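Enquirer: Encoded as structure tokens, here's the structure I'll be asking about.
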Amino acid sequence: MSKNYVLSLYNKMGKLPFGKKLFSLFASNKAPYFKTVSPLITKVVPGECHCLIKKRRKVENHIGTVHVIAIANGLEMAMGFMAEASIPTHLRWIPKGMDLQYTAKAGSDIRCVALLENNQWQVGDLPVEVTAFDENDVVVVKGIIHLWVSEKPKK
């Protein structure tokens, strides 16, 4: 998917009734594992993406909070769609790793945010800031997803 395709599809579908839900289903089909958290992508702009995970039984842990792996899944999805919607067309990306800190219990719906400050893409190692917030805007998980960015091969 090119950045123009992702952004134009999100903007076009966002205007429709249930458009963000339809876009989120489309996004989940691109990487089926994301379906496990039933994500809702609520914002996509260059350098930023928000993904909502509803607190449901299927994403809870043994103490009744949203499991951190479900949150990591939402953060990775937000980062991936931010990247697809933002990266310059002559570059490509692949995730290299993720460093997360669990800062508070996640006892409500969770908003996962991926942010690339000033949408500044560069070849090589690129850290993308990811943060998960509860419904009161308390940070429950924060960290970095490390990308490797390279030039696309010439055709």
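Residue numbering restarts at 1 in every chain; chains get A, B, ... in the order shown in the structure tokens, and ligands count up from 1 in that same order.
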Quick one: contact table of segment 4-75 of chain A to segment 88-103 of chain A, 12 Å max, nearest atom pair and distance in Å to one decimal per residue, counting only C-alpha atoms, chain and number order, as CSV?

Expert:
residue,atom,partner,partner_atom,distance
A:Asn4,CA,A:Thr89,CA,9.0
A:Tyr5,CA,A:Thr89,CA,11.2
A:Pro46,CA,A:Pro88,CA,10.2
A:Gly47,CA,A:Pro88,CA,11.1
A:Val66,CA,A:Tyr102,CA,11.6
A:His67,CA,A:Tyr102,CA,10.6
A:Val68,CA,A:Tyr102,CA,7.7
A:Ile69,CA,A:Leu100,CA,10.4
A:Ile71,CA,A:Tyr102,CA,10.1
A:Ala72,CA,A:Leu100,CA,8.1
A:Asn73,CA,A:Met98,CA,10.9
A:Leu75,CA,A:Met98,CA,9.8

Enquirer: Using only C-alpha atoms, pick whichever of A:Thr42, A:Asn136, A:Gln122, A:Ser28 has the shortest atom-to-atom distance to Gly14 of chain A.

Expert: A:Thr42

Enquirer: Using only C-alpha atoms, what table do you get, as a Markdown table, when you list each residue of segment 87-137 of chain A with an atom no more than 10 Å from segment 51-54 of chain A, its nearest pair of atoms, and their distance in Å rounded to one decimal, rows by chain then rising number?

Expert:
| residue | atom | partner | partner_atom | distance |
| --- | --- | --- | --- | --- |
| A:Ser108 | CA | A:Lys54 | CA | 7.5 |
| A:Asp109 | CA | A:Lys54 | CA | 4.5 |
| A:Ile110 | CA | A:Ile53 | CA | 5.1 |
| A:Arg111 | CA | A:Leu52 | CA | 4.5 |
| A:Cys112 | CA | A:Cys51 | CA | 5.0 |
| A:Val113 | CA | A:Cys51 | CA | 6.5 |
| A:Ala114 | CA | A:Cys51 | CA | 8.7 |
| A:Ala132 | CA | A:Cys51 | CA | 9.3 |
| A:Phe133 | CA | A:Leu52 | CA | 9.6 |
| A:Asp134 | CA | A:Ile53 | CA | 9.8 |

Enquirer: Between atom CA of Val141 of chain A and atom CA of Ala85 of chain A, what is the spacing in Å?

Expert: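 Rounded to one decimal, the two atoms are 23.4 Å apart.
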
Enquirer: Using only C-alpha atoms for the distances, tell me which of A:Phe23, A:Trp148, A:Trp121, A:Phe18 is nearest to Ile41 of chain A.

Expert: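 Result for the nearest residue to Ile41 of chain A: A:Phe23.
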
Enquirer: Taking the DSSP assignment computed from this structure's backbone, write out as a PyMOL selection string all residues of segment 9-127 of chain A that belong to alpha helix (DSSP H).

Expert: chain A and resi 9-14+19-30+68-86

Enquirer: Would you mind reading off the distance between atom CA of Pro153 of chain A and atom CA of Glu117 of chain A, one decimal, in Å?

Expert: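 Calculated distance between atom CA of Pro153 of chain A and atom CA of Glu117 of chain A is 26.3 Å.
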
Enquirer: One decimal, in Å: what's the spacing between atom CA of Val45 of chain A and atom CA of Lys154 of chain A?

Expert: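 These atoms are spaced 27.6 Å apart.
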
Enquirer: Ranking A:Cys49, A:Met77, A:Val128, A:Leu16 by minimum distance to Lys30 of chain A and counting only C-alpha atoms, which one comes first?

Expert: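 Ranked by minimum distance to Lys30 of chain A, first place goes to A:Met77.
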
Enquirer: Please return as a PyMOL selection string: the residues of chain A that backbone DSSP assigns to strand (DSSP E or B).

Expert: chain A and resi 40-45+48-53+60+66+91-102+110-115+124-133+139-151

Enquirer: Taking only C-alpha atoms into account, which of A:Tyr10, A:Gly107, A:Gly124, A:Glu135 comes nearest Thr65 of chain A?

Expert: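 For Thr65 of chain A, the nearest of the given residues is A:Gly107.
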
Enquirer: Do you know which residues are at most 8 Å from Ala70 of chain A counting only C-alpha atoms, after dropping those on the same chain fewer than 5 positions away, and could you put them as number ranges by chain?

Expert: A: 36-37, 59

Enquirer: Write to file, as a short mmCIF file (atom, residue, chain, number, x, y, z; two decimals), in the first residue's frame, the residues of the selection just made, with N, CA and C atoms.

Expert:
data_model
loop_
_atom_site.label_atom_id
_atom_site.label_comp_id
_atom_site.auth_asym_id
_atom_site.auth_seq_id
_atom_site.Cartn_x
_atom_site.Cartn_y
_atom_site.Cartn_z
N THR A 36 -7.46 -9.82 16.51
CA THR A 36 -7.62 -10.37 17.86
C THR A 36 -8.01 -9.31 18.89
N VAL A 37 -7.76 -8.03 18.60
CA VAL A 37 -8.13 -6.96 19.54
C VAL A 37 -9.30 -6.12 19.04
N VAL A 59 -9.82 -9.44 25.62
CA VAL A 59 -8.51 -8.79 25.71
C VAL A 59 -8.07 -8.56 27.16
#

Enquirer: Pick from A:Glu84, A:Glu48, A:Ala106, A:Glu60: nearest to Asn119 of chain A, with only C-alpha atoms counted?

Expert: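 Going through A:Glu84, A:Glu48, A:Ala106, A:Glu60 one by one, the smallest distance to Asn119 of chain A is for A:Glu48.
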
Enquirer: Considering only C-alpha atoms, can you say which of A:Lys105, A:Leu7, A:Pro32, A:Ala27 comes closest to Val139 of chain A?

Expert: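 Going through A:Lys105, A:Leu7, A:Pro32, A:Ala27 one by one, the smallest distance to Val139 of chain A is for A:Lys105.
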